[in-house]
Each structure stands twice: as C-alpha cells, then as structure tokens.
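input.txt, holding compact mmCIF, C-alpha atoms:
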# COMPACT_ATOMS: atom_id res chain seq x y z
CA MET A 25 -33.00 24.29 -5.31
CA PRO A 26 -35.89 23.50 -7.72
CA ARG A 27 -35.82 20.16 -9.48
CA ARG A 28 -35.58 21.79 -12.92
CA ASP A 29 -32.50 23.81 -11.92
CA MET A 30 -30.88 20.71 -10.47
CA ILE A 31 -31.39 18.77 -13.71
CA LEU A 32 -29.97 21.69 -15.70
CA LEU A 33 -26.91 21.91 -13.45
CA VAL A 34 -26.22 18.18 -13.78
CA ALA A 35 -26.62 18.35 -17.56
CA LEU A 36 -24.17 21.24 -17.82
CA PHE A 37 -21.65 19.41 -15.68
CA VAL A 38 -21.90 16.23 -17.78
CA ALA A 39 -21.49 18.26 -20.95
CA LEU A 40 -18.41 20.02 -19.60
CA ALA A 41 -16.85 16.74 -18.43
CA ALA A 42 -17.45 15.22 -21.87
CA LEU A 43 -15.93 18.29 -23.51
CA ILE A 44 -12.79 17.99 -21.39
CA GLY A 45 -12.50 14.27 -21.99
CA LEU A 46 -13.43 14.06 -25.67
CA GLY A 47 -13.18 17.59 -26.98
CA PRO A 48 -10.64 18.89 -29.46
CA GLY A 49 -8.58 20.71 -26.84
CA ARG A 50 -6.20 17.80 -26.39
CA SER A 51 -5.54 17.24 -30.08
CA THR A 52 -4.73 19.90 -32.61
CA SER A 53 -4.63 17.33 -35.41
CA THR A 54 -7.03 14.64 -36.44
CA LEU A 55 -4.12 12.30 -37.07
CA GLY A 56 -1.28 13.37 -34.82
CA SER A 57 -2.50 11.93 -31.55
CA ASN A 58 -3.38 8.58 -33.22
CA ALA A 59 -0.19 7.92 -35.20
CA SER A 60 1.13 5.39 -32.70
CA SER A 61 2.53 2.06 -33.82
CA HIS A 62 0.20 0.44 -31.28
CA ILE A 63 -2.93 1.59 -33.13
CA SER A 64 -4.50 -0.64 -35.78
CA GLY A 65 -7.07 1.93 -36.90
CA PRO A 66 -6.79 3.82 -40.19
CA GLN A 67 -4.69 6.61 -38.70
CA GLY A 68 -2.35 4.38 -36.71
CA ALA A 69 1.08 3.09 -37.70
CA LEU A 70 0.85 -0.57 -36.69
CA ALA A 71 1.07 -1.63 -40.34
CA LEU A 72 4.38 0.22 -40.76
CA HIS A 73 5.75 -1.47 -37.64
CA ARG A 74 4.75 -4.94 -38.83
CA TRP A 75 5.96 -4.27 -42.38
CA PHE A 76 9.43 -3.31 -41.15
CA THR A 77 9.48 -6.53 -39.10
CA ALA A 78 8.48 -8.60 -42.13
CA LEU A 79 11.30 -6.97 -44.12
CA GLY A 80 13.80 -8.39 -41.65
CA TYR A 81 14.60 -5.31 -39.56
CA GLN A 82 14.99 -5.43 -35.78
CA VAL A 83 11.97 -3.37 -34.86
CA GLU A 84 11.54 -2.06 -31.33
CA ARG A 85 9.52 0.54 -29.48
CA LEU A 86 10.96 3.20 -27.20
CA GLU A 87 8.42 3.15 -24.36
CA TYR A 88 8.03 2.74 -20.61
CA ALA A 89 11.62 3.87 -20.05
CA ALA A 90 13.69 7.04 -20.03
CA PHE A 91 14.06 8.74 -23.40
CA THR A 92 17.56 7.65 -24.39
CA LEU A 93 18.84 6.68 -27.84
CA ASN A 94 21.08 3.67 -28.31
CA PRO A 95 24.04 4.31 -30.64
CA THR A 96 23.31 0.96 -32.32
CA THR A 97 19.93 2.21 -33.53
CA ASP A 98 19.92 2.78 -37.28
CA LEU A 99 16.51 4.44 -37.75
CA LEU A 100 14.37 6.44 -35.34
CA VAL A 101 10.74 6.82 -36.44
CA VAL A 102 8.86 9.79 -34.97
CA LEU A 103 5.28 10.04 -36.27
CA GLY A 104 3.06 12.86 -35.00
CA PRO A 105 4.08 12.76 -31.33
CA ARG A 106 1.41 13.46 -28.78
CA GLU A 107 3.68 14.74 -26.04
CA ARG A 108 5.94 17.72 -26.65
CA TYR A 109 9.66 17.22 -27.15
CA THR A 110 11.76 19.08 -24.63
CA ARG A 111 14.79 21.05 -25.70
CA GLU A 112 17.06 18.49 -24.05
CA GLU A 113 15.39 15.60 -25.90
CA ALA A 114 15.63 17.43 -29.24
CA THR A 115 19.33 18.09 -28.57
CA ALA A 116 19.85 14.40 -27.78
CA VAL A 117 18.24 13.39 -31.09
CA ARG A 118 20.36 15.94 -32.96
CA ALA A 119 23.54 14.53 -31.39
CA TRP A 120 22.45 10.98 -32.23
CA VAL A 121 21.88 11.95 -35.90
CA THR A 122 25.24 13.72 -35.99
CA ALA A 123 26.87 10.47 -34.87
CA GLY A 124 25.38 8.59 -37.83
CA GLY A 125 21.71 7.82 -37.07
CA THR A 126 18.82 8.27 -39.50
CA LEU A 127 15.69 10.10 -38.38
CA LEU A 128 12.28 9.76 -40.01
CA LEU A 129 10.13 12.61 -38.68
CA ALA A 130 6.53 13.24 -39.76
CA GLU A 131 4.58 16.15 -38.28
CA GLU A 132 1.75 18.23 -39.75
CA ARG A 133 0.72 20.49 -36.87
CA LEU A 134 1.69 24.12 -37.20
CA GLY A 135 3.10 26.62 -34.73
CA PRO A 136 5.71 26.59 -32.00
CA SER A 137 3.36 24.79 -29.62
CA ALA A 138 3.23 21.63 -31.76
CA PRO A 139 4.75 18.62 -29.95
CA ALA A 140 7.45 18.09 -32.60
CA ALA A 141 8.28 21.79 -33.06
CA PRO A 142 11.45 21.66 -30.89
CA LEU A 143 12.68 18.62 -32.83
CA LEU A 144 12.06 20.34 -36.17
CA ALA A 145 13.80 23.47 -34.89
CA ALA A 146 16.85 21.39 -33.93
CA PHE A 147 17.39 20.82 -37.66
CA ASP A 148 16.33 24.35 -38.73
CA LEU A 149 12.97 23.15 -40.03
CA THR A 150 9.53 24.69 -39.56
CA LEU A 151 6.04 24.10 -40.90
CA ALA A 152 3.78 26.49 -42.77
CA ALA A 153 0.26 26.27 -44.12
CA THR A 154 -0.31 25.42 -47.75
CA GLN A 155 -1.36 28.13 -50.16
CA ASP A 156 -4.89 29.29 -49.30
CA GLY A 157 -4.90 26.76 -46.47
CA ALA A 158 -6.19 24.06 -48.82
CA HIS A 159 -5.33 20.40 -48.45
CA LEU A 160 -2.56 19.18 -50.70
CA THR A 161 -3.57 15.76 -51.94
CA LEU A 162 -0.98 14.69 -54.52
CA ALA A 163 2.66 15.74 -54.16
CA PRO A 164 4.95 14.99 -57.12
CA VAL A 165 8.32 13.40 -56.49
CA LEU A 166 11.19 15.82 -57.21
CA GLN A 167 14.36 13.74 -56.85
CA PRO A 168 15.57 10.46 -58.37
CA ILE A 169 16.52 9.32 -54.88
CA LEU A 170 12.95 8.05 -54.66
CA GLY A 171 13.22 6.10 -57.91
CA GLN A 172 14.05 2.62 -56.63
CA PRO A 173 11.35 1.40 -56.72
CA ALA A 174 9.90 4.00 -59.04
CA THR A 175 7.82 6.67 -57.35
CA THR A 176 6.18 9.55 -59.16
CA ARG A 177 3.90 11.10 -56.57
CA LEU A 178 2.78 10.89 -52.95
CA ASP A 179 -0.77 10.79 -51.64
CA ALA A 180 0.00 13.36 -48.92
CA ARG A 181 -3.42 14.71 -47.83
CA THR A 182 -1.98 17.47 -45.69
CA ALA A 183 -2.48 21.19 -45.18
CA SER A 184 1.14 21.77 -44.14
CA VAL A 185 4.42 22.22 -46.01
CA LEU A 186 8.00 22.39 -44.84
CA VAL A 187 10.06 25.56 -44.68
CA ALA A 188 13.62 24.29 -45.09
CA GLY A 189 17.05 25.81 -45.38
CA ALA A 190 19.39 25.65 -48.33
CA ALA A 191 21.00 22.45 -47.03
CA CYS A 192 17.72 20.54 -47.36
CA VAL A 193 16.85 18.60 -50.52
CA PRO A 194 13.16 18.78 -51.50
CA LEU A 195 12.04 15.22 -52.26
CA ALA A 196 8.30 15.63 -52.87
CA GLY A 197 5.88 18.50 -53.33
CA THR A 198 7.30 21.65 -54.90
CA THR A 199 10.70 23.20 -54.62
CA ALA A 200 9.28 26.23 -52.81
CA ALA A 201 6.83 24.27 -50.66
CA PRO A 202 8.06 20.69 -50.20
CA VAL A 203 6.11 18.03 -48.34
CA LEU A 204 9.08 15.71 -47.91
CA VAL A 205 12.72 16.80 -47.56
CA GLY A 206 16.06 15.15 -46.91
CA LEU A 207 18.84 16.67 -44.85
CA ARG A 208 22.35 15.41 -44.26
CA HIS A 209 23.46 16.26 -40.73
CA GLY A 210 26.91 15.22 -39.62
CA GLU A 211 27.31 11.50 -40.28
CA GLY A 212 23.55 10.93 -40.26
CA TYR A 213 20.49 11.85 -42.26
CA VAL A 214 17.04 13.30 -41.60
CA PHE A 215 13.86 12.61 -43.56
CA ALA A 216 11.22 15.16 -42.58
CA SER A 217 7.61 15.07 -43.79
CA SER A 218 4.74 17.48 -43.28
CA ALA A 219 2.30 14.66 -44.08
CA LEU A 220 1.40 11.79 -41.79
CA TYR A 221 -1.00 10.07 -44.14
CA PRO A 222 1.64 8.25 -46.26
CA PHE A 223 2.92 6.44 -43.14
CA SER A 224 -0.48 5.53 -41.71
CA ASN A 225 -2.21 2.16 -41.95
CA VAL A 226 -4.59 3.40 -44.61
CA GLY A 227 -1.94 5.46 -46.42
CA LEU A 228 0.36 2.48 -46.94
CA ARG A 229 -2.32 0.83 -49.07
CA ASP A 230 -1.32 3.26 -51.80
CA ASP A 231 1.44 1.69 -53.89
CA GLN A 232 3.23 5.01 -54.39
CA ASN A 233 3.33 5.72 -50.65
CA ALA A 234 4.64 2.22 -49.95
CA ALA A 235 7.31 2.61 -52.65
CA MET A 236 8.38 5.93 -51.07
CA VAL A 237 8.87 4.21 -47.71
CA LEU A 238 11.00 1.51 -49.34
CA ASN A 239 13.17 4.20 -50.93
CA LEU A 240 13.72 5.81 -47.53
CA LEU A 241 14.80 2.45 -46.11
CA ARG A 242 17.70 2.18 -48.55
CA ARG A 243 19.84 4.10 -46.06
CA ILE A 244 19.23 1.43 -43.42
CA PRO A 245 21.34 -1.74 -43.59
CA GLN A 246 19.44 -4.98 -44.00
CA GLY A 247 18.55 -6.34 -40.59
CA GLY A 248 19.26 -2.96 -39.00
CA ARG A 249 17.68 -1.73 -35.81
CA VAL A 250 14.53 0.41 -36.18
CA VAL A 251 12.99 2.14 -33.15
CA PHE A 252 9.52 3.69 -33.04
CA ASP A 253 9.23 6.57 -30.59
CA GLU A 254 6.23 5.70 -28.42
CA PHE A 255 7.60 7.64 -25.46
CA HIS A 256 6.12 10.82 -26.96
CA HIS A 257 2.80 9.09 -27.60
CA GLY A 258 2.25 8.86 -23.86
CA PHE A 259 3.87 5.49 -23.12
CA VAL A 260 6.17 7.00 -20.53
CA GLY A 261 5.86 4.73 -17.51
CA GLU A 262 3.65 2.54 -15.39
CA THR A 263 0.09 3.77 -14.97
CA ASN A 264 -0.87 4.76 -11.44
CA LEU A 265 -3.63 6.77 -9.85
CA ARG A 266 -1.60 9.97 -9.84
CA SER A 267 -0.80 9.80 -13.54
CA LEU A 268 -4.41 8.94 -14.38
CA LEU A 269 -5.67 11.95 -12.45
CA LEU A 270 -3.06 14.50 -13.47
CA GLU A 271 -2.03 13.39 -16.95
CA THR A 272 -5.25 12.26 -18.63
CA PRO A 273 -8.32 14.25 -19.74
CA TRP A 274 -10.68 11.99 -17.79
CA GLY A 275 -8.58 12.46 -14.68
CA TRP A 276 -8.89 16.23 -15.06
CA ALA A 277 -12.63 15.79 -15.56
CA ALA A 278 -12.86 13.73 -12.35
CA ILE A 279 -10.96 16.39 -10.38
CA TYR A 280 -13.18 19.09 -11.86
CA GLY A 281 -16.27 17.09 -10.89
CA CYS A 282 -15.08 16.72 -7.31
CA LEU A 283 -14.40 20.45 -7.07
CA VAL A 284 -17.81 21.31 -8.51
CA GLY A 285 -19.52 18.88 -6.15
CA ALA A 286 -17.66 20.25 -3.14
CA GLY A 287 -18.50 23.81 -4.17
CA TYR A 288 -22.15 22.93 -4.56
CA LEU A 289 -22.28 21.39 -1.09
CA VAL A 290 -20.52 24.41 0.41
CA PHE A 291 -22.74 27.05 -1.18
CA THR A 292 -26.08 25.24 -0.99
CA GLY A 293 -25.70 23.29 2.24
CA ARG A 294 -26.75 24.34 5.73
CA ARG A 295 -24.48 24.69 8.70
CA PHE A 296 -24.77 22.14 11.46
CA GLY A 297 -26.22 23.52 14.70
CA ARG A 298 -25.76 22.21 18.18
CA PRO A 299 -26.59 18.53 18.49
CA VAL A 300 -30.18 17.91 19.60
CA PRO A 301 -30.27 15.07 22.13
CA LEU A 302 -32.92 12.39 21.85
CA ARG A 303 -35.88 12.56 24.15
CA ALA A 304 -34.81 9.29 25.71
CA GLU A 305 -31.49 10.89 26.63
CA THR A 306 -33.02 14.01 28.18
CA ALA A 307 -35.73 12.21 30.14
CA ARG A 308 -33.56 11.11 33.06
CA ARG A 309 -35.08 8.86 35.69
CA SER A 310 -35.91 10.48 39.02
CA SER A 311 -34.78 9.32 42.44
CA ALA A 312 -38.33 8.30 43.31
CA GLU A 313 -38.41 6.02 40.22
CA TYR A 314 -35.17 4.44 41.33
CA LEU A 315 -36.47 3.88 44.87
CA ALA A 316 -39.73 2.47 43.57
CA SER A 317 -37.95 0.06 41.25
CA MET A 318 -35.58 -1.11 44.02
CA ALA A 319 -38.48 -1.54 46.43
CA GLY A 320 -40.33 -3.56 43.83
CA LEU A 321 -37.35 -5.83 43.30
CA LEU A 322 -36.89 -6.41 47.03
CA ARG A 323 -40.61 -7.00 47.47
CA ARG A 324 -40.83 -9.57 44.67
CA ALA A 325 -37.73 -11.30 46.08
CA GLY A 326 -39.21 -11.43 49.62
CA LYS A 327 -36.18 -9.74 51.15
CA HIS A 328 -38.02 -8.53 54.27
CA ALA A 329 -35.11 -9.39 56.57
CA TYR A 330 -32.67 -7.47 54.30
CA VAL A 331 -34.91 -4.39 54.34
CA ARG A 332 -35.33 -4.63 58.11
CA ASP A 333 -31.57 -4.94 58.74
CA HIS A 334 -30.88 -2.06 56.35
CA TYR A 335 -33.35 0.22 58.11
CA ARG A 336 -32.09 -0.96 61.53
CA ALA A 337 -28.56 0.24 60.66
CA SER A 338 -29.97 3.49 59.24
CA PHE A 339 -32.10 4.04 62.37
CA LYS A 340 -29.03 3.52 64.56
CA ARG A 341 -27.00 6.17 62.62
CA LYS A 342 -29.82 8.70 62.68
CA LEU A 343 -30.42 8.07 66.43
CA ALA A 344 -26.74 8.59 67.29
CA LYS A 345 -26.70 11.80 65.26
CA HIS A 346 -29.92 12.98 66.93
CA TYR A 347 -28.43 12.67 70.43
CA GLY A 348 -24.89 13.70 69.41
CA LEU A 349 -23.35 10.29 70.00
CA SER A 350 -20.90 8.18 67.98
CA PRO A 351 -22.57 5.89 65.41
CA ASP A 352 -19.88 3.27 66.14
CA LEU A 353 -21.42 2.47 69.56
CA ASP A 354 -23.23 -0.86 69.81
CA GLU A 355 -26.97 -0.84 70.45
CA THR A 356 -26.74 -1.68 74.19
CA THR A 357 -24.20 1.09 74.89
CA LEU A 358 -26.22 3.51 72.75
CA VAL A 359 -29.44 2.77 74.75
CA THR A 360 -27.59 3.03 78.09
CA THR A 361 -26.12 6.40 77.14
CA ILE A 362 -29.51 7.75 76.00
CA ALA A 363 -31.10 6.55 79.28
CA GLN A 364 -28.77 8.78 81.28
CA THR A 365 -30.41 11.90 79.82
CA HIS A 366 -33.74 10.65 78.38
CA PRO A 367 -34.86 7.60 80.34
CA SER A 368 -38.37 7.57 78.85
CA GLN A 369 -37.10 7.61 75.26
CA ALA A 370 -34.40 5.03 76.03
CA GLN A 371 -37.06 2.48 76.90
CA ALA A 372 -38.84 3.06 73.52
CA VAL A 373 -35.52 2.83 71.63
CA ALA A 374 -34.67 -0.44 73.38
CA GLY A 375 -38.08 -1.84 72.42
CA LEU A 376 -37.58 -0.88 68.75
CA PHE A 377 -34.11 -2.47 68.65
CA ALA A 378 -35.55 -5.65 70.22
CA ARG A 379 -38.38 -5.85 67.64
CA MET A 380 -35.96 -5.20 64.77
CA ALA A 381 -33.73 -8.04 65.98
CA GLY A 382 -36.60 -10.53 66.07
CA PRO A 383 -37.98 -12.70 63.23
CA PRO A 384 -38.51 -10.92 59.85
CA PRO A 385 -41.89 -9.17 59.97
CA ASP A 386 -44.40 -9.07 57.16
CA GLU A 387 -44.86 -5.93 55.04
CA ALA A 388 -47.52 -4.38 57.24
CA ALA A 389 -45.54 -4.96 60.47
CA LEU A 390 -42.36 -3.63 58.78
CA LEU A 391 -44.11 -0.44 57.67
CA LYS A 392 -45.54 0.05 61.19
CA LEU A 393 -42.08 -0.46 62.69
CA VAL A 394 -40.56 2.14 60.34
CA GLY A 395 -43.34 4.60 61.19
CA GLU A 396 -42.71 4.24 64.89
CA ALA A 397 -38.97 4.79 64.43
CA ASP A 398 -39.52 7.95 62.36
CA THR A 399 -41.94 9.27 65.00
CA LEU A 400 -39.38 8.64 67.71
CA LEU A 401 -36.68 10.53 65.81
CA GLU A 402 -38.99 13.54 65.36
CA ARG A 403 -39.36 14.10 69.12
Could you take the file, read its structure, and then write that structure out as structure tokens?
Amino acid sequence: MPRRDMILLVALFVALAALIGLGPGRSTSTLGSNASSHISGPQGALALHRWFTALGYQVERLEYAAFTLNPTTDLLVVLGPRERYTREEATAVRAWVTAGGTLLLAEERLGPSAPAAPLLAAFDLTLAATQDGAHLTLAPVLQPILGQPATTRLDARTASVLVAGAACVPLAGTTAAPVLVGLRHGEGYVFASSALYPFSNVGLRDDQNAAMVLNLLRRIPQGGRVVFDEFHHGFVGETNLRSLLLETPWGWAAIYGCLVGAGYLVFTGRRFGRPVPLRAETARRSSAEYLASMAGLLRRAGKHAYVRDHYRASFKRKLAKHYGLSPDLDETTLVTTIAQTHPSQAQAVAGLFARMAGPPPDEAALLKLVGEADTLLER
C-alpha cells in the first residue's frame, strides 16, 4: 500500500475513534450527562449537594450499589440521568413516592428514548419542545407555594416544557406550558422540572433559582435524609476491564480499532508458505567429512595403537566372512581353519596378525599394513 494511502487510512481511523469517544452520539443534551453531584463544573450539581449538607440535611449518594430506595429517605434528587431508567426502577420510585417520599426530577431531553422518560411516564408526565423550538430563558412563578422566600421568576434556559395532567399544579412557566410542576401522588409528592439549569452550579448563583430550591425543601423535615441518584449517572459498580471495554465510548473505540487492525492485516497481508530452512540446516555433513575429522582427531592424539587394534578386529570379521567362518573364532583357530583349505593364504594371514599384535607402528607402516590386508581380502 502506498505511503500516502496508509497515512490517509490512519487519519480516518483516528478521526472515527475520536468521534466515537467525544462525539455527540452519547449525549443528547449539553447538560444532562454532566448534571452529577460529583461534578464541580458549571453544569454539575456539586454545589447543590454541598448546600443541602450545609443546611443540615443528611445528604447521601446512591451509587456503587443496587438501585434500591430506603423508606427513611425523605427526598430523592434525580437530575438529568445519563443511564436510562428501566420500567422496574421507575415502578420502584413510584411506589416509594406513594409511601410518602418526595421526588425532585429534572430532565430536559425530549422523546421516549430520553433516560428519564420511563420515570416521567410513571407519573403521567412527558416533555415537549417550546413554541418555535426557542429557548425559554425566564419562567414566571405561578403559585404562592414558591413565595417563602419570595420568588417571582426562574432563570430556566431550556427548550423543553412539561405536558402534565389535570392533577399537576403548574409552578413556573405558563399554565399551558409549565417548566416546573408539582404533583401529589399517594402520601408523597413529585416536583418535576423541564429545566436543569436552575439546579446546576452556575444556575444556583441566581438568587431567584436558589430561593426556588429553598421553597421546594419546605416539604422536607429539618435534618431529613436527601439522596442524590448517581446510579443513573454511571456510578453503578466497581470499574473493571470488561465494563471499560463494553460500557464506555473509549472502550468501544478500542474494540473498533482492534477489529479494523485485524481486518487490515487479513486483507493486506500475505499467506505464509512452507518454511524455508537455513542453508546451514540443509548443508548436512558427508560421511567422508566425518571420517576425515575422526582421523584427524586420532592422528593429533597419537592413537596409533587404537587405530591398529580397531582395524585388526575389523580385518578379523571381514576375513571370517570371506571364508564363511564364524567371527567369534580366535585368531589361532581362524588361521588353522583357513590353512586346511588355503595353506598359502593362511601363512600370509598369520603374518599379518603377528605384525598387528606387535608394537604400535608409525603412520606409514600402519598404512602399508592396511594396504596389505585389503589386498589379501581381494584375492
């Protein structure tokens, strides 16, 4: 593949990985995925968490555990959840409110696919876009319930309004398109808002927004238990490799990268052929090389007697085979047996055995002795 095409392919892959990890596909709202009470940025809700603590409430977070609601909880705060509520979880919240709990729910994302849509539906609430889809900045207060401390308007900054039933009380916005509503359900109460900004770190700097929050807290006994739902912001359990790969955008990007890399290797690589042995492996040593090396070792070691004895035993075996005799016969018996049929050759064989049994000869004498023995065997 040309270098230019390779660079282009890598650039496209990096762009796609960045799009998966940082793109808008994981967040349908600029605020919803950041409205956690752990976040200190402008869109987070850490200020609300700390403010409730400073007011003397028992503030906790529902995180790193199963989603269960304690009956002793007075207020459940759900702000722009990131993970979708299941039908069972929404039913559990509805039952908890029926038993006397108070729910503060803020969600601004539209449609049935919004994470808080099942929870809104559990109380017959839905969201709709504002007229002409424009952002609603200031929402006037409609009920005196928000009058202690005095509140006249909310800085909502939202493009969503609530569609509520007849049982709901519009608290802010307009009667036909409220931004904040109240709903009595069983022994409990629900505050639902289509605006997240009033509850954010930056939104609480507005005196009117802060006064609205204080009015909502009048239903909670002093020192009551307040729980922030962080379970649906992704704090669902201990982080491990599986959750990082399967439940995070960067994990999906890593899996995608591995698949693309494997596909590239498959489609651009070459098949392996038969293994090609090294020349050193194919060039096997011959028998002559082995004999020459052994002869050189014996020669440098001066093992003339060893060579003579070795050839003497070999000569005896070949001689017995030549005359059809047993190689286990001793030399004297072998010579006597040969003399019975070949008296002239028996005398030469006896002479060779006698010379081989004498003192170790030098190299020249040993070669001459071997030559004579080979000549005798050829007759």
Exercise for review: Could you check how far CA of Leu321 in chain A sits from CA of Thr399 in chain A, in Å to one decimal?
Suggested key: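 Between these atoms lies a distance of 26.8 Å.
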Point to revise | Protein and nucleic acid residues near (1.8, 17.3, -40.5) (cut-off 8 Å, all atoms listed in the file) as a list in words | key: Gly56, Gly104, Ala130, Glu131, Glu132, Arg133, Leu134, Thr182, Ala183, Ser184, Val185, Ser217, Ser218, Ala219 and Leu220 of chain A
Practice item. Find the distance between CA of Thr176 in chain A and CA of Leu129 in chain A and write it in Å to one decimal. Key: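 So the answer is 21.1 Å.
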Padded axis-aligned box of range 224-231 of chain A (3 Å per side), centre and edge lengths, Å, one decimal, as lines of an AutoDock Vina configuration file:
center_x = -1.6
center_y = 3.2
center_z = -47.8
size_x = 12.0
size_y = 10.7
size_z = 18.2
Exercise for review: Go through A:Met30, A:Leu343, A:Ala71, A:Leu100 one by one, measure the shortest atom-to-atom distance of each to Arg249 in chain A using only C-alpha atoms, and give the residue with the smallest value.
Suggested key: A:Leu100
Review point. Hey, which of A:Ala337, A:Leu151, A:Val165, A:Leu86 ends up closest to Ala138 in chain A? Count only C-alpha atoms.
Key: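 Among A:Ala337, A:Leu151, A:Val165, A:Leu86, it is A:Leu151 that comes nearest to Ala138 in chain A.
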Check your understanding: So how far away is CA of Asp386 in chain A from CA of Met318 in chain A, in Å?
Key -> 17.7 Å
Practice item. Find the residues around range 192-206 of chain A up to 8 Å (all atoms listed in the file counted), leave out those fewer than 3 positions away in its own chain, and share them as a list in words. Key: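 Those residues are Thr154, Leu162, Ala163, Pro164, Val165, Leu166, Gln167, Ile169, Leu170, Arg177, Leu178, Ala180, Ser184, Val185, Leu186, Val187, Ala188, Gly189, Tyr213, Val214, Phe215, Ala216, Ser217, Ser218 and Ala219 of chain A.
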Which neighbours of range 223-235 of chain A fall inside 8 Å, counting all atoms listed in the file, when residues of the same chain fewer than 2 positions from it are skipped, and could you give them as a CSV table (one decimal) with C-alpha atoms, in the frame of the given file?
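The resulting part26.csv:
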chain,number,residue,atom,x,y,z
A,59,ALA,CA,-0.2,7.9,-35.2
A,64,SER,CA,-4.5,-0.6,-35.8
A,65,GLY,CA,-7.1,1.9,-36.9
A,66,PRO,CA,-6.8,3.8,-40.2
A,67,GLN,CA,-4.7,6.6,-38.7
A,68,GLY,CA,-2.4,4.4,-36.7
A,69,ALA,CA,1.1,3.1,-37.7
A,70,LEU,CA,0.8,-0.6,-36.7
A,71,ALA,CA,1.1,-1.6,-40.3
A,72,LEU,CA,4.4,0.2,-40.8
A,172,GLN,CA,14.0,2.6,-56.6
A,173,PRO,CA,11.4,1.4,-56.7
A,174,ALA,CA,9.9,4.0,-59.0
A,175,THR,CA,7.8,6.7,-57.4
A,176,THR,CA,6.2,9.6,-59.2
A,177,ARG,CA,3.9,11.1,-56.6
A,178,LEU,CA,2.8,10.9,-53.0
A,179,ASP,CA,-0.8,10.8,-51.6
A,220,LEU,CA,1.4,11.8,-41.8
A,221,TYR,CA,-1.0,10.1,-44.1
A,237,VAL,CA,8.9,4.2,-47.7
A,238,LEU,CA,11.0,1.5,-49.3
A,239,ASN,CA,13.2,4.2,-50.9
**Study point:** Spatial neighbours of Ala140 in chain A, 7 Å, only C-alpha atoms, chain gap at least 5 places, as a VMD selection string
**Key:** chain A and resid 105 108 to 109 131
Review point. Which of these, A:Arg308, A:His346, A:Pro384, A:Thr357, has the shortest distance to Leu401 in chain A once you count only C-alpha atoms?
Key: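 Checking each of A:Arg308, A:His346, A:Pro384, A:Thr357 against Leu401 in chain A, counting only C-alpha atoms, the winner is A:His346.
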Point to revise | Pick from A:Glu387, A:Glu396, A:Gly258, A:Ala123, whichever lies nearest to Arg324 in chain A using only C-alpha atoms | key: A:Glu387
